[in-house]
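Trainee: Pasting a structure here, questions to come.
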Amino acid sequence: MTSPGQPFGQPQQHGYFAQSGYPQHPQPPYAQAPQPFVQQARPGNDGLRITAAVVNIAVAIYLAVVGVLTVDSVINMTNEEDDYVSITGVVLRGTGALAYVAGAALLILGAVFLLRKRRAGSTLTWIGFAITFLAFVLDSTGAVAWSMESLGRFPHLRDKGLTYFLDSIRLTSVIAGMVVCLPLVTALLPPVKRTLR
């Protein structure tokens, strides 16, 4: 037998008490689960990030020029017939020139990734700094090695002392070793790193 509130032909289910004529008690709405708290990263400084990318490009242009000038200097020194040609100096300074160009390329790539808000921009700036610093060391060591070998070949140069070695290190290389610190610092500033993903 079916109850008045039950559709005809359906057996009565256990616990079913809803019948016509009796008040229906509305069910309380289901309590919604609280949304999980997601801590958003603090916004970074986009203007500073763009400045860091511009600094990368400016320093990279300077490093590329230094690399070309180093190659030109080595070629000019090897073309002089009367002076002694140091093979060690040529190899070290030539490798340094290539490292300057490689460092410049990495800084430009780092600038591109900084503009695209990628963390690789900071990493490439690090690597570009390291390669440029190595280039400075190779270029300067090659110049000093060239001077030392010249002293062994030309005894009259021994009276010139330490200034002779210091003069052999070009000012452009010293400046390159210093200015490459700028993109490294700007790319690692916390406001810049917060804008990277």
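Here's how to read the names in the structure tokens: chain A, B, ... by the order shown, residue numbers from 1 in each chain, ligand numbers from 1 in the order shown.
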Skip Leu115 in chain A itself and residues of its chain fewer than 5 positions away, then list as a list in words all residues within 8 Å of it, counting only C-alpha atoms.

Mentor: Arg49, Ile50 and Ala53 of chain A

Trainee: Write out the residues from the selection above, keeping N, CA, C and O atoms, as a PDB file, in the first residue's frame.

Mentor:
```pdb
ATOM      1  N   ARG A  49      62.825  46.806 -13.209  1.00  0.00           N
ATOM      2  CA  ARG A  49      63.168  45.648 -14.030  1.00  0.00           C
ATOM      3  C   ARG A  49      63.537  46.086 -15.447  1.00  0.00           C
ATOM      4  O   ARG A  49      64.501  45.585 -16.032  1.00  0.00           O
ATOM      5  N   ILE A  50      62.781  47.020 -15.998  1.00  0.00           N
ATOM      6  CA  ILE A  50      63.089  47.526 -17.339  1.00  0.00           C
ATOM      7  C   ILE A  50      64.421  48.267 -17.330  1.00  0.00           C
ATOM      8  O   ILE A  50      65.227  48.147 -18.265  1.00  0.00           O
ATOM      9  N   ALA A  53      67.168  45.762 -17.489  1.00  0.00           N
ATOM     10  CA  ALA A  53      67.354  45.240 -18.848  1.00  0.00           C
ATOM     11  C   ALA A  53      68.121  46.231 -19.719  1.00  0.00           C
ATOM     12  O   ALA A  53      68.995  45.848 -20.501  1.00  0.00           O
TER      13      ALA A  53
END
```

Trainee: Determine, for each residue of range 63-138 of chain A having at least one atom at most 9 Å from an atom of range 180-191 of chain A, the closest pair of atoms and their separation in Å to one decimal, counting only C-alpha atoms; order by chain and ascending number, as CSV.

Mentor:
```
residue,atom,partner,partner_atom,distance
A:Leu63,CA,A:Val180,CA,8.4
A:Leu107,CA,A:Pro183,CA,8.1
A:Gly110,CA,A:Ala187,CA,8.9
A:Leu114,CA,A:Ala187,CA,8.1
A:Gly121,CA,A:Ala187,CA,7.7
A:Ser122,CA,A:Ala187,CA,5.5
A:Thr123,CA,A:Ala187,CA,8.8
A:Thr125,CA,A:Leu184,CA,6.0
A:Trp126,CA,A:Leu184,CA,6.2
A:Gly128,CA,A:Val180,CA,8.4
A:Phe129,CA,A:Val180,CA,5.9
A:Thr132,CA,A:Val180,CA,7.1
A:Phe133,CA,A:Val180,CA,7.8
```

Trainee: Residues as selected, N, CA, C and O atoms, written as a compact mmCIF listing (two decimals), in the first residue's frame, can you do that?

Mentor:
```txt
# COMPACT_ATOMS: atom_id res chain seq x y z
N LEU A 63 80.96 45.92 -23.79
CA LEU A 63 81.81 44.71 -23.77
C LEU A 63 82.10 44.22 -25.19
O LEU A 63 83.21 43.74 -25.46
N LEU A 107 74.58 38.85 -21.69
CA LEU A 107 73.88 39.98 -21.06
C LEU A 107 72.69 40.44 -21.90
O LEU A 107 71.64 40.82 -21.36
N GLY A 110 70.05 37.95 -21.32
CA GLY A 110 69.50 38.22 -20.00
C GLY A 110 68.53 39.39 -20.02
O GLY A 110 67.48 39.36 -19.36
N LEU A 114 64.67 39.35 -18.97
CA LEU A 114 64.19 40.28 -17.96
C LEU A 114 62.95 41.03 -18.45
O LEU A 114 61.99 41.23 -17.71
N GLY A 121 66.50 35.52 -16.91
CA GLY A 121 67.19 36.80 -17.09
C GLY A 121 68.20 37.06 -15.99
O GLY A 121 69.32 37.52 -16.25
N SER A 122 67.83 36.75 -14.76
CA SER A 122 68.76 36.92 -13.64
C SER A 122 69.92 35.93 -13.74
O SER A 122 71.08 36.29 -13.51
N THR A 123 69.61 34.69 -14.11
CA THR A 123 70.66 33.66 -14.22
C THR A 123 71.65 34.00 -15.34
O THR A 123 72.87 33.88 -15.16
N THR A 125 72.34 36.89 -16.50
CA THR A 125 73.15 38.04 -16.07
C THR A 125 74.30 37.59 -15.18
O THR A 125 75.42 38.08 -15.31
N TRP A 126 74.02 36.65 -14.29
CA TRP A 126 75.08 36.07 -13.45
C TRP A 126 76.18 35.47 -14.31
O TRP A 126 77.38 35.72 -14.11
N GLY A 128 76.83 35.93 -17.50
CA GLY A 128 77.50 36.96 -18.29
C GLY A 128 78.53 37.72 -17.48
O GLY A 128 79.62 38.04 -17.96
N PHE A 129 78.19 38.02 -16.21
CA PHE A 129 79.15 38.68 -15.32
C PHE A 129 80.38 37.80 -15.12
O PHE A 129 81.52 38.28 -15.21
N THR A 132 82.55 37.67 -18.24
CA THR A 132 83.22 38.94 -18.47
C THR A 132 84.37 39.14 -17.49
O THR A 132 85.43 39.65 -17.85
N PHE A 133 84.16 38.76 -16.24
CA PHE A 133 85.25 38.88 -15.27
C PHE A 133 86.41 37.97 -15.66
O PHE A 133 87.58 38.35 -15.55
```

Trainee: From the list A:Ile57, A:Ala99, A:Asn45, A:Leu106, which residue is nearest Leu138 in chain A when using only C-alpha atoms?

Mentor: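 Of A:Ile57, A:Ala99, A:Asn45, A:Leu106, the one nearest Leu138 in chain A, counting only C-alpha atoms, is A:Ala99.
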
Trainee: Would you compute the distance between CA of Ala135 in chain A and CA of Ala97 in chain A? Give it in Å to one decimal.

Mentor: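 Going from CA of Ala135 in chain A over to CA of Ala97 in chain A covers 6.7 Å.
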
Trainee: Kindly give the distance, in Å, that separates CA of Thr88 in chain A and CA of Thr172 in chain A, rounded to a single decimal.

Mentor: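 So the two atoms, CA of Thr88 in chain A and CA of Thr172 in chain A, lie 20.7 Å apart.
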
Trainee: Identify which of the residues A:Ile169, A:Val91, A:Ala104, A:Val179 lies closest to Val71 in chain A, counting only C-alpha atoms when measuring atom-to-atom distances.

Mentor: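 The shortest atom-to-atom distance to Val71 in chain A comes from A:Val91.
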
Trainee: For Arg119 in chain A, list every protein, DNA or RNA residue within 9 Å, evaluated using only C-alpha atoms, and leave out those in the same chain fewer than 4 positions away; present the list as number ranges by chain.

Mentor: A: 113-114, 123-124, 193, 195-197

Trainee: Take the residues that were just selected and, keeping N, CA, C and O atoms, output them as a tab-separated table (two decimals), in the first residue's frame.

Mentor:
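Output contents, as saved in again11.tsv:
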```tsv
chain	number	residue	atom	x	y	z
A	113	PHE	N	65.19	38.23	-21.45
A	113	PHE	CA	64.40	37.46	-20.48
A	113	PHE	C	63.91	38.34	-19.34
A	113	PHE	O	62.83	38.09	-18.78
A	114	LEU	N	64.67	39.35	-18.97
A	114	LEU	CA	64.19	40.28	-17.96
A	114	LEU	C	62.95	41.03	-18.45
A	114	LEU	O	61.99	41.23	-17.71
A	123	THR	N	69.61	34.69	-14.11
A	123	THR	CA	70.66	33.66	-14.22
A	123	THR	C	71.65	34.00	-15.34
A	123	THR	O	72.87	33.88	-15.16
A	124	LEU	N	71.14	34.42	-16.49
A	124	LEU	CA	72.02	34.76	-17.61
A	124	LEU	C	72.88	35.97	-17.28
A	124	LEU	O	74.03	36.07	-17.74
A	193	LYS	N	63.63	40.91	-8.76
A	193	LYS	CA	63.43	39.46	-8.71
A	193	LYS	C	61.98	39.10	-8.41
A	193	LYS	O	61.51	38.05	-8.83
A	195	THR	N	59.44	40.49	-9.67
A	195	THR	CA	58.65	40.59	-10.91
A	195	THR	C	58.88	39.40	-11.84
A	195	THR	O	58.17	39.26	-12.82
A	196	LEU	N	59.87	38.56	-11.52
A	196	LEU	CA	60.23	37.45	-12.41
A	196	LEU	C	59.44	36.21	-12.03
A	196	LEU	O	59.13	35.99	-10.86
A	197	ARG	N	59.16	35.38	-13.02
A	197	ARG	CA	58.42	34.15	-12.73
A	197	ARG	C	59.11	32.96	-13.38
A	197	ARG	O	59.94	33.09	-14.23
```

Trainee: Using only C-alpha atoms, which residue out of A:Ile75, A:Val85, A:Val54, A:Val174 lies closest to Ile108 in chain A?

Mentor: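 For Ile108 in chain A, the nearest of the candidates is A:Val54.
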
Trainee: Neighbours of Ser173 in chain A within 8 Å (only C-alpha atoms; same-chain residues fewer than 4 positions away dropped), as an NGL selection string?

Mentor: :A and (66 or 136 or 139-140 or 169 or 177)

Trainee: Among range 54-162 of chain A, which ones does DSSP place in alpha helix (DSSP H), written as a CSV table (one decimal) with N, CA, C and O atoms, in the first residue's frame?

Mentor:
```csv
chain,number,residue,atom,x,y,z
A,54,VAL,N,67.8,47.5,-19.6
A,54,VAL,CA,68.5,48.6,-20.3
A,54,VAL,C,70.0,48.6,-19.9
A,54,VAL,O,70.9,48.7,-20.8
A,55,VAL,N,70.3,48.5,-18.6
A,55,VAL,CA,71.7,48.5,-18.2
A,55,VAL,C,72.4,47.3,-18.8
A,55,VAL,O,73.6,47.4,-19.2
A,56,ASN,N,71.7,46.1,-18.8
A,56,ASN,CA,72.3,44.9,-19.4
A,56,ASN,C,72.7,45.2,-20.9
A,56,ASN,O,73.8,44.9,-21.3
A,57,ILE,N,71.8,45.8,-21.6
A,57,ILE,CA,72.1,46.1,-23.0
A,57,ILE,C,73.2,47.1,-23.2
A,57,ILE,O,74.1,46.9,-24.0
A,58,ALA,N,73.2,48.1,-22.4
A,58,ALA,CA,74.3,49.2,-22.5
A,58,ALA,C,75.7,48.6,-22.2
A,58,ALA,O,76.6,48.8,-22.9
A,59,VAL,N,75.7,47.8,-21.1
A,59,VAL,CA,77.0,47.2,-20.7
A,59,VAL,C,77.4,46.2,-21.8
A,59,VAL,O,78.6,46.0,-22.1
A,60,ALA,N,76.5,45.4,-22.3
A,60,ALA,CA,76.8,44.4,-23.4
A,60,ALA,C,77.4,45.1,-24.6
A,60,ALA,O,78.4,44.6,-25.2
A,61,ILE,N,76.9,46.3,-25.0
A,61,ILE,CA,77.4,47.0,-26.1
A,61,ILE,C,78.9,47.4,-25.8
A,61,ILE,O,79.8,47.2,-26.7
A,62,TYR,N,79.1,47.9,-24.6
A,62,TYR,CA,80.5,48.3,-24.3
A,62,TYR,C,81.4,47.0,-24.3
A,62,TYR,O,82.6,47.1,-24.8
A,63,LEU,N,81.0,45.9,-23.8
A,63,LEU,CA,81.8,44.7,-23.8
A,63,LEU,C,82.1,44.2,-25.2
A,63,LEU,O,83.2,43.7,-25.5
A,64,ALA,N,81.1,44.3,-26.1
A,64,ALA,CA,81.4,43.9,-27.5
A,64,ALA,C,82.4,44.8,-28.1
A,64,ALA,O,83.3,44.3,-28.8
A,65,VAL,N,82.4,46.1,-27.8
A,65,VAL,CA,83.4,47.0,-28.3
A,65,VAL,C,84.8,46.7,-27.8
A,65,VAL,O,85.8,46.7,-28.5
A,66,VAL,N,84.8,46.4,-26.5
A,66,VAL,CA,86.1,46.0,-25.8
A,66,VAL,C,86.7,44.7,-26.5
A,66,VAL,O,87.9,44.6,-26.7
A,67,GLY,N,85.8,43.8,-26.7
A,67,GLY,CA,86.2,42.6,-27.4
A,67,GLY,C,86.8,42.8,-28.8
A,67,GLY,O,87.9,42.3,-29.1
A,68,VAL,N,86.2,43.7,-29.6
A,68,VAL,CA,86.7,44.0,-30.9
A,68,VAL,C,88.0,44.8,-30.8
A,68,VAL,O,89.0,44.5,-31.5
A,69,LEU,N,88.1,45.7,-29.8
A,69,LEU,CA,89.3,46.5,-29.6
A,69,LEU,C,90.5,45.6,-29.2
A,69,LEU,O,91.6,45.8,-29.6
A,70,THR,N,90.2,44.6,-28.4
A,70,THR,CA,91.2,43.6,-27.9
A,70,THR,C,91.8,42.8,-29.1
A,70,THR,O,93.0,42.6,-29.2
A,71,VAL,N,90.9,42.4,-29.9
A,71,VAL,CA,91.3,41.6,-31.1
A,71,VAL,C,92.2,42.5,-32.0
A,71,VAL,O,93.3,42.1,-32.5
A,72,ASP,N,91.8,43.8,-32.2
A,72,ASP,CA,92.5,44.7,-33.0
A,72,ASP,C,93.9,45.0,-32.4
A,72,ASP,O,94.9,45.0,-33.1
A,73,SER,N,93.9,45.1,-31.1
A,73,SER,CA,95.2,45.4,-30.4
A,73,SER,C,96.2,44.2,-30.5
A,73,SER,O,97.4,44.4,-30.8
A,74,VAL,N,95.6,43.0,-30.4
A,74,VAL,CA,96.5,41.8,-30.6
A,74,VAL,C,97.0,41.7,-32.0
A,74,VAL,O,98.2,41.4,-32.2
A,75,ILE,N,96.2,42.0,-33.0
A,75,ILE,CA,96.6,41.9,-34.4
A,75,ILE,C,97.7,42.9,-34.7
A,75,ILE,O,98.7,42.6,-35.3
A,76,ASN,N,97.5,44.1,-34.1
A,76,ASN,CA,98.5,45.2,-34.4
A,76,ASN,C,99.8,44.9,-33.7
A,76,ASN,O,100.9,45.1,-34.3
A,77,MET,N,99.8,44.3,-32.5
A,77,MET,CA,101.0,43.9,-31.8
A,77,MET,C,101.8,42.8,-32.5
A,77,MET,O,103.0,42.7,-32.5
A,78,THR,N,101.0,41.9,-33.1
A,78,THR,CA,101.7,40.8,-33.8
A,78,THR,C,102.2,41.2,-35.2
A,78,THR,O,103.1,40.5,-35.8
A,79,ASN,N,101.7,42.3,-35.8
A,79,ASN,CA,102.1,42.7,-37.1
A,79,ASN,C,103.3,43.6,-37.0
A,79,ASN,O,104.0,43.9,-38.1
A,87,ILE,N,103.6,34.4,-27.7
A,87,ILE,CA,102.5,33.4,-28.1
A,87,ILE,C,101.5,33.3,-26.9
A,87,ILE,O,100.3,33.2,-27.1
A,88,THR,N,102.1,33.3,-25.7
A,88,THR,CA,101.2,33.2,-24.5
A,88,THR,C,100.3,34.4,-24.4
A,88,THR,O,99.1,34.3,-24.1
A,89,GLY,N,100.9,35.6,-24.6
A,89,GLY,CA,100.1,36.8,-24.6
A,89,GLY,C,99.0,36.8,-25.7
A,89,GLY,O,97.8,37.2,-25.4
A,90,VAL,N,99.3,36.3,-26.9
A,90,VAL,CA,98.3,36.2,-28.0
A,90,VAL,C,97.2,35.3,-27.6
A,90,VAL,O,96.0,35.6,-27.8
A,91,VAL,N,97.5,34.1,-27.1
A,91,VAL,CA,96.5,33.2,-26.7
A,91,VAL,C,95.6,33.7,-25.6
A,91,VAL,O,94.3,33.6,-25.7
A,92,LEU,N,96.2,34.2,-24.6
A,92,LEU,CA,95.4,34.7,-23.4
A,92,LEU,C,94.5,35.9,-23.8
A,92,LEU,O,93.3,35.9,-23.5
A,93,ARG,N,95.1,36.8,-24.5
A,93,ARG,CA,94.3,38.0,-24.9
A,93,ARG,C,93.3,37.7,-25.9
A,93,ARG,O,92.2,38.3,-25.9
A,94,GLY,N,93.6,36.8,-26.8
A,94,GLY,CA,92.6,36.4,-27.8
A,94,GLY,C,91.4,35.7,-27.2
A,94,GLY,O,90.3,35.9,-27.5
A,95,THR,N,91.7,34.8,-26.2
A,95,THR,CA,90.6,34.1,-25.5
A,95,THR,C,89.8,35.1,-24.7
A,95,THR,O,88.6,35.0,-24.6
A,96,GLY,N,90.5,36.1,-24.1
A,96,GLY,CA,89.8,37.1,-23.4
A,96,GLY,C,88.9,37.9,-24.3
A,96,GLY,O,87.7,38.3,-23.9
A,97,ALA,N,89.3,38.2,-25.5
A,97,ALA,CA,88.5,39.0,-26.4
A,97,ALA,C,87.2,38.2,-26.8
A,97,ALA,O,86.1,38.8,-26.8
A,98,LEU,N,87.4,36.9,-27.0
A,98,LEU,CA,86.2,36.1,-27.3
A,98,LEU,C,85.3,36.0,-26.1
A,98,LEU,O,84.0,36.0,-26.2
A,99,ALA,N,85.9,36.0,-24.9
A,99,ALA,CA,85.0,35.9,-23.7
A,99,ALA,C,84.3,37.2,-23.5
A,99,ALA,O,83.1,37.2,-23.0
A,100,TYR,N,84.9,38.4,-23.9
A,100,TYR,CA,84.1,39.6,-23.8
A,100,TYR,C,82.9,39.6,-24.7
A,100,TYR,O,81.8,40.0,-24.3
A,101,VAL,N,83.0,39.1,-25.9
A,101,VAL,CA,81.9,39.0,-26.8
A,101,VAL,C,80.9,38.0,-26.3
A,101,VAL,O,79.7,38.3,-26.4
A,102,ALA,N,81.3,36.9,-25.7
A,102,ALA,CA,80.4,35.9,-25.2
A,102,ALA,C,79.6,36.5,-24.0
A,102,ALA,O,78.4,36.3,-23.8
A,103,GLY,N,80.3,37.2,-23.1
A,103,GLY,CA,79.7,37.9,-22.0
A,103,GLY,C,78.6,38.9,-22.5
A,103,GLY,O,77.5,39.0,-21.9
A,104,ALA,N,79.0,39.6,-23.5
A,104,ALA,CA,78.0,40.6,-24.1
A,104,ALA,C,76.8,39.9,-24.6
A,104,ALA,O,75.6,40.4,-24.4
A,105,ALA,N,76.9,38.8,-25.3
A,105,ALA,CA,75.8,38.1,-25.8
A,105,ALA,C,74.9,37.6,-24.7
A,105,ALA,O,73.7,37.6,-24.8
A,106,LEU,N,75.5,37.1,-23.6
A,106,LEU,CA,74.7,36.6,-22.5
A,106,LEU,C,74.0,37.7,-21.8
A,106,LEU,O,72.8,37.5,-21.3
A,107,LEU,N,74.6,38.8,-21.7
A,107,LEU,CA,73.9,40.0,-21.1
A,107,LEU,C,72.7,40.4,-21.9
A,107,LEU,O,71.6,40.8,-21.4
A,108,ILE,N,72.8,40.4,-23.2
A,108,ILE,CA,71.7,40.8,-24.1
A,108,ILE,C,70.6,39.8,-23.9
A,108,ILE,O,69.4,40.1,-23.8
A,109,LEU,N,70.9,38.5,-23.9
A,109,LEU,CA,69.9,37.4,-23.7
A,109,LEU,C,69.2,37.6,-22.3
A,109,LEU,O,68.0,37.5,-22.2
A,110,GLY,N,70.1,38.0,-21.3
A,110,GLY,CA,69.5,38.2,-20.0
A,110,GLY,C,68.5,39.4,-20.0
A,110,GLY,O,67.5,39.4,-19.4
A,111,ALA,N,68.9,40.4,-20.8
A,111,ALA,CA,68.0,41.6,-20.9
A,111,ALA,C,66.6,41.2,-21.5
A,111,ALA,O,65.6,41.6,-21.1
A,112,VAL,N,66.7,40.3,-22.6
A,112,VAL,CA,65.5,39.9,-23.2
A,112,VAL,C,64.6,39.1,-22.2
A,112,VAL,O,63.4,39.3,-22.2
A,113,PHE,N,65.2,38.2,-21.5
A,113,PHE,CA,64.4,37.5,-20.5
A,113,PHE,C,63.9,38.3,-19.3
A,113,PHE,O,62.8,38.1,-18.8
A,114,LEU,N,64.7,39.4,-19.0
A,114,LEU,CA,64.2,40.3,-18.0
A,114,LEU,C,63.0,41.0,-18.5
A,114,LEU,O,62.0,41.2,-17.7
A,115,LEU,N,63.0,41.4,-19.7
A,115,LEU,CA,61.8,42.1,-20.3
A,115,LEU,C,60.6,41.2,-20.4
A,115,LEU,O,59.5,41.7,-20.3
A,120,ALA,N,65.2,33.3,-15.9
A,120,ALA,CA,66.4,33.1,-16.7
A,120,ALA,C,67.2,34.4,-16.9
A,120,ALA,O,68.4,34.4,-17.1
A,121,GLY,N,66.5,35.5,-16.9
A,121,GLY,CA,67.2,36.8,-17.1
A,121,GLY,C,68.2,37.1,-16.0
A,121,GLY,O,69.3,37.5,-16.3
A,122,SER,N,67.8,36.7,-14.8
A,122,SER,CA,68.8,36.9,-13.6
A,122,SER,C,69.9,35.9,-13.7
A,122,SER,O,71.1,36.3,-13.5
A,123,THR,N,69.6,34.7,-14.1
A,123,THR,CA,70.7,33.7,-14.2
A,123,THR,C,71.6,34.0,-15.3
A,123,THR,O,72.9,33.9,-15.2
A,124,LEU,N,71.1,34.4,-16.5
A,124,LEU,CA,72.0,34.8,-17.6
A,124,LEU,C,72.9,36.0,-17.3
A,124,LEU,O,74.0,36.1,-17.7
A,125,THR,N,72.3,36.9,-16.5
A,125,THR,CA,73.2,38.0,-16.1
A,125,THR,C,74.3,37.6,-15.2
A,125,THR,O,75.4,38.1,-15.3
A,126,TRP,N,74.0,36.6,-14.3
A,126,TRP,CA,75.1,36.1,-13.4
A,126,TRP,C,76.2,35.5,-14.3
A,126,TRP,O,77.4,35.7,-14.1
A,127,ILE,N,75.8,34.6,-15.3
A,127,ILE,CA,76.8,33.9,-16.1
A,127,ILE,C,77.5,34.9,-17.0
A,127,ILE,O,78.8,34.8,-17.1
A,128,GLY,N,76.8,35.9,-17.5
A,128,GLY,CA,77.5,37.0,-18.3
A,128,GLY,C,78.5,37.7,-17.5
A,128,GLY,O,79.6,38.0,-18.0
A,129,PHE,N,78.2,38.0,-16.2
A,129,PHE,CA,79.2,38.7,-15.3
A,129,PHE,C,80.4,37.8,-15.1
A,129,PHE,O,81.5,38.3,-15.2
A,130,ALA,N,80.2,36.5,-14.8
A,130,ALA,CA,81.3,35.6,-14.6
A,130,ALA,C,82.2,35.5,-15.8
A,130,ALA,O,83.4,35.5,-15.7
A,131,ILE,N,81.6,35.4,-17.0
A,131,ILE,CA,82.4,35.2,-18.2
A,131,ILE,C,83.2,36.5,-18.5
A,131,ILE,O,84.4,36.5,-18.9
A,132,THR,N,82.5,37.7,-18.2
A,132,THR,CA,83.2,38.9,-18.5
A,132,THR,C,84.4,39.1,-17.5
A,132,THR,O,85.4,39.6,-17.9
A,133,PHE,N,84.2,38.8,-16.2
A,133,PHE,CA,85.2,38.9,-15.3
A,133,PHE,C,86.4,38.0,-15.7
A,133,PHE,O,87.6,38.3,-15.6
A,134,LEU,N,86.1,36.8,-16.1
A,134,LEU,CA,87.1,35.9,-16.6
A,134,LEU,C,87.9,36.5,-17.8
A,134,LEU,O,89.1,36.4,-18.0
A,135,ALA,N,87.1,37.2,-18.7
A,135,ALA,CA,87.7,37.8,-19.9
A,135,ALA,C,88.7,38.9,-19.4
A,135,ALA,O,89.8,39.1,-20.0
A,136,PHE,N,88.3,39.7,-18.4
A,136,PHE,CA,89.2,40.7,-17.9
A,136,PHE,C,90.5,40.1,-17.3
A,136,PHE,O,91.6,40.6,-17.6
A,137,VAL,N,90.3,39.0,-16.6
A,137,VAL,CA,91.5,38.3,-16.0
A,137,VAL,C,92.4,37.8,-17.2
A,137,VAL,O,93.7,38.0,-17.1
A,138,LEU,N,91.8,37.2,-18.2
A,138,LEU,CA,92.6,36.6,-19.3
A,138,LEU,C,93.3,37.7,-20.1
A,138,LEU,O,94.5,37.6,-20.4
A,139,ASP,N,92.6,38.8,-20.4
A,139,ASP,CA,93.2,39.9,-21.1
A,139,ASP,C,94.3,40.6,-20.3
A,139,ASP,O,95.4,40.8,-20.9
A,140,SER,N,94.1,40.8,-19.1
A,140,SER,CA,95.2,41.4,-18.2
A,140,SER,C,96.4,40.5,-18.0
A,140,SER,O,97.5,41.0,-18.1
A,141,THR,N,96.1,39.2,-17.8
A,141,THR,CA,97.2,38.3,-17.6
A,141,THR,C,98.0,38.1,-18.9
A,141,THR,O,99.2,38.0,-18.9
A,142,GLY,N,97.3,38.1,-20.1
A,142,GLY,CA,98.0,38.1,-21.3
A,142,GLY,C,98.9,39.3,-21.6
A,142,GLY,O,100.0,39.1,-22.1
A,143,ALA,N,98.4,40.5,-21.2
A,143,ALA,CA,99.2,41.7,-21.3
A,143,ALA,C,100.4,41.6,-20.4
A,143,ALA,O,101.5,42.0,-20.9
A,144,VAL,N,100.3,41.2,-19.2
A,144,VAL,CA,101.4,41.1,-18.3
A,144,VAL,C,102.4,40.0,-18.7
A,144,VAL,O,103.6,40.2,-18.7
A,145,ALA,N,101.9,38.9,-19.2
A,145,ALA,CA,102.8,37.8,-19.7
A,145,ALA,C,103.6,38.3,-20.9
A,145,ALA,O,104.8,38.0,-21.0
A,146,TRP,N,102.9,39.1,-21.8
A,146,TRP,CA,103.6,39.7,-22.9
A,146,TRP,C,104.8,40.6,-22.4
A,146,TRP,O,105.9,40.5,-23.0
A,147,SER,N,104.5,41.4,-21.4
A,147,SER,CA,105.5,42.3,-20.9
A,147,SER,C,106.6,41.6,-20.2
A,147,SER,O,107.8,41.9,-20.4
A,148,MET,N,106.3,40.5,-19.5
A,148,MET,CA,107.4,39.7,-18.8
A,148,MET,C,108.3,39.0,-19.9
A,148,MET,O,109.5,39.0,-19.7
A,149,GLU,N,107.7,38.5,-20.9
A,149,GLU,CA,108.5,37.9,-21.9
A,149,GLU,C,109.4,38.9,-22.7
A,149,GLU,O,110.5,38.6,-23.1
A,150,SER,N,108.8,40.1,-22.8
A,150,SER,CA,109.6,41.2,-23.5
A,150,SER,C,110.8,41.5,-22.6
A,150,SER,O,111.9,41.8,-23.1
A,151,LEU,N,110.6,41.5,-21.3
A,151,LEU,CA,111.7,41.9,-20.4
A,151,LEU,C,112.8,40.8,-20.5
A,151,LEU,O,114.0,41.2,-20.5
A,152,GLY,N,112.5,39.6,-20.7
A,152,GLY,CA,113.5,38.5,-20.9
A,152,GLY,C,114.2,38.7,-22.2
A,152,GLY,O,115.4,38.4,-22.3
A,153,ARG,N,113.6,39.2,-23.2
A,153,ARG,CA,114.2,39.3,-24.5
A,153,ARG,C,115.0,40.7,-24.6
A,153,ARG,O,116.0,40.7,-25.3
A,162,LEU,N,107.6,48.2,-12.0
A,162,LEU,CA,106.2,47.8,-11.9
A,162,LEU,C,105.3,48.6,-12.9
A,162,LEU,O,104.3,48.1,-13.4
```
